[in-house]
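Here is the structure we will look at, set down as structure tokens.
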Amino acid sequence: MALFDWFKRDKSPLIPDELWEKTVAALPFLASLTVDEKKSLKSLAEAFLAEKEFSTAGGLALSDEICVSIAAQGCLPILNLGLTAYREWVGIVVYPDEFVVSRQIEDEDGVVHEYDDVLAGEAWEGGPLLVSWRDVQMAGDGYNVVIHEFAHKLDMLNGQADGMPALHSGITEEEWAQVFVAAYEDFCRRVDDAEETIIDPYASDEPAEFFAVLSESFFELPAVVQNEYPALYDLLRRYYRQDPLFRQQA
């Protein structure tokens with residue numbers, strides 16, 4: 001039975017247990033979740049699937065596996081934040097592989113340059129989220145295109161993506177800026193010095209990418225983030241209201 005068949009039949013669709021267990025088993029970074037956390041994640045993913053609209057491009061056929069895998073990964077960051085953190089956008093477009101987006105930039109002389117950007121994912125402010133299914137399936141070891149793009153959506157909740165998401169009580173903008181900027185500047189220095197970093201060097205591109213990449217690493221390689229940037233790890237722990245490193249060590 002197709003996913004959207006049981007959507008039509010039930011306004012609060014339940015992900016079949018067999019499909020959910022298969023999905024979780026394919027995502028090793030979910031293994032350390034407690035039994036209760038996995039139940040909460042499943043319920044959140046079901047609510048997410050009922051609220052969002054999936055479509056495909058490039059000839060990819062939409063399937064239960066695609067939708068549930070993206071929902072499970074995308075809901076991990078908001079496990080303790082709630083689905084309202086993903087408000088104000090609905091669409092998710094899934095491509096079979098990397099896709100091309102046409103860009104236009106204007107230089108200092110007012111000349112407009114056009115070029116094609118090859119992407120694994122992209123989050124549009126106020127619009128849909130785009131991901132490559134091939135890259136979704138590559139999740140693990142610090143690379144997670146779903147968490148990356150969903151982190152951008154969290155960043156956009158209070159305006160343009162700039163590396164500072166909408167903060168909840170207990171974290172001030174001043175504290176976030178102090179800790180985040182110090183870590184970002186240090187990471188940029190390391191990349192400029194040609195250091196081979198475990199964290200994807202793409203994080204040095206701009207603050208928004210640093211937040212998205214560090215979110216990937218926080219959930220998949222928490223020991224690396226804690227070891228290299230302990231103050232930032234603690235900040236992300238408090239922001240996401242989760243402690244992946246503690247889970248792994250429990």
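Convention: chains lettered A, B, ... in structure tokens order; per-chain residue numbering from 1; ligands numbered from 1 as shown.
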Quick one: pick out all helix (DSSP H, G or I) residues within stretch 5-208 of chain A from a backbone DSSP run and write them as a PyMOL selection string.
chain A and resi 5-9+17-25+28-30+35-51+64-75+83-86+133-136+145-158+173-192+201-204+207-208
May I have the residues within 12 Å of A:Leu19 as a list in words, using only C-alpha atoms and disregarding those fewer than 6 positions away in the same chain?
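Contacts, with the query itself left out: Met1, Leu3, Ala25, Ala26, Lys42, Ser63, Asp64, Glu65, Ile66, Cys67, Val68, Ser69 and Ala72 of chain A.
Of the residues under consideration (A:Ser132, A:Ser204, A:Thr172, A:Ser217), A:Ser204 shows the shortest atom-to-atom contact distance to A:Phe187 when counting only C-alpha atoms.
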Write out as a list of chain:residue names all residues of stretch 127-177 of chain A that backbone DSSP assigns to strand (DSSP E or B).
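Filtering stretch 127-177 of chain A down to strand (DSSP E or B) leaves A:Leu129, A:Leu130, A:Val131, A:Ser132, A:Gly140, A:Tyr143.
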Polymer residues at most 12 Å from A:Gly59, only C-alpha atoms, same-chain spacing of 3 or more positions, as a PDB file with C-alpha atoms, in the first residue's frame:
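part_34.pdb, freshly written:
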ATOM      1  CA  SER A  55       6.970  15.526  -4.340  1.00  0.00           C
ATOM      2  CA  THR A  56       9.743  14.254  -6.588  1.00  0.00           C
ATOM      3  CA  LEU A  62       7.910   8.663  -4.485  1.00  0.00           C
ATOM      4  CA  VAL A  93      11.100  17.980  -3.194  1.00  0.00           C
ATOM      5  CA  VAL A  94      13.231  14.854  -3.596  1.00  0.00           C
ATOM      6  CA  TYR A  95      15.580  14.368  -6.544  1.00  0.00           C
ATOM      7  CA  PRO A  96      17.162  11.006  -7.400  1.00  0.00           C
ATOM      8  CA  ASP A  97      20.693  12.461  -7.195  1.00  0.00           C
ATOM      9  CA  TRP A 133      17.686  10.829  -2.326  1.00  0.00           C
TER      10      TRP A 133
END
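We find atom CA of A:Ser40 and atom CA of A:Phe54 to be spaced 22.0 Å apart.
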Provide the atom CA of A:Asp141 to atom CA of A:Ile199 distance in Å, to one decimal place.
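According to the coordinates, atom CA of A:Asp141 and atom CA of A:Ile199 are separated by 9.9 Å.
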For a quick check of understanding, using only C-alpha atoms, which of A:Glu98, A:Asp36, A:Glu216, A:Asp243 has the smallest distance to A:Val146?
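Residue with the minimum atom-to-atom distance to A:Val146: A:Glu216.
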Between A:Val136, A:Leu154, A:Leu130, A:Val118, single out the one closest to A:Leu83, counting only C-alpha atoms.
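For A:Leu83, the nearest of the given residues is A:Leu154.
Taking only C-alpha atoms, the non-local environment of stretch 219-224 of chain A within 8 Å (same-chain residues fewer than 5 positions away omitted) comprises Phe29, Gly140, Asp141, Gly142, Tyr143, Ile198, Ile199, Tyr233, Pro244 and Leu245 of chain A.
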Go ahead and save the residues from that selection, with C-alpha atoms, as a PDB file, in the first residue's frame.
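out21.pdb written:
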ATOM      1  CA  PHE A  29      23.052   7.436  14.671  1.00  0.00           C
ATOM      2  CA  GLY A 140      26.303   8.640   8.694  1.00  0.00           C
ATOM      3  CA  ASP A 141      29.848   9.471   9.827  1.00  0.00           C
ATOM      4  CA  GLY A 142      29.151  13.201  10.008  1.00  0.00           C
ATOM      5  CA  TYR A 143      27.403  13.625   6.662  1.00  0.00           C
ATOM      6  CA  ILE A 198      37.101  15.773  10.511  1.00  0.00           C
ATOM      7  CA  ILE A 199      34.267  18.295  10.378  1.00  0.00           C
ATOM      8  CA  TYR A 233      28.847  21.497  21.940  1.00  0.00           C
ATOM      9  CA  PRO A 244      23.980  12.756  21.704  1.00  0.00           C
ATOM     10  CA  LEU A 245      27.352  12.128  23.339  1.00  0.00           C
TER      11      LEU A 245
END
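One distance worth recording is that between atom CA of A:Gln160 and atom CA of A:Arg134, which is 27.7 Å.
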Exercise: A:Glu209 partners within 9 Å, only C-alpha atoms, chain neighbours under 2 positions left out, as number ranges by chain:
A: 148, 152, 161-163, 202-207, 211-214
Would you please work out which residue, of A:Val24, A:Val145, A:Gly127, A:Ile78, is nearest to A:Glu53 when using only C-alpha atoms?
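The shortest atom-to-atom distance to A:Glu53 comes from A:Gly127.
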A:Ala166 proximity check over A:Lys39, A:Lys153, A:Arg237, A:Lys22, using only C-alpha atoms: winner is A:Lys153
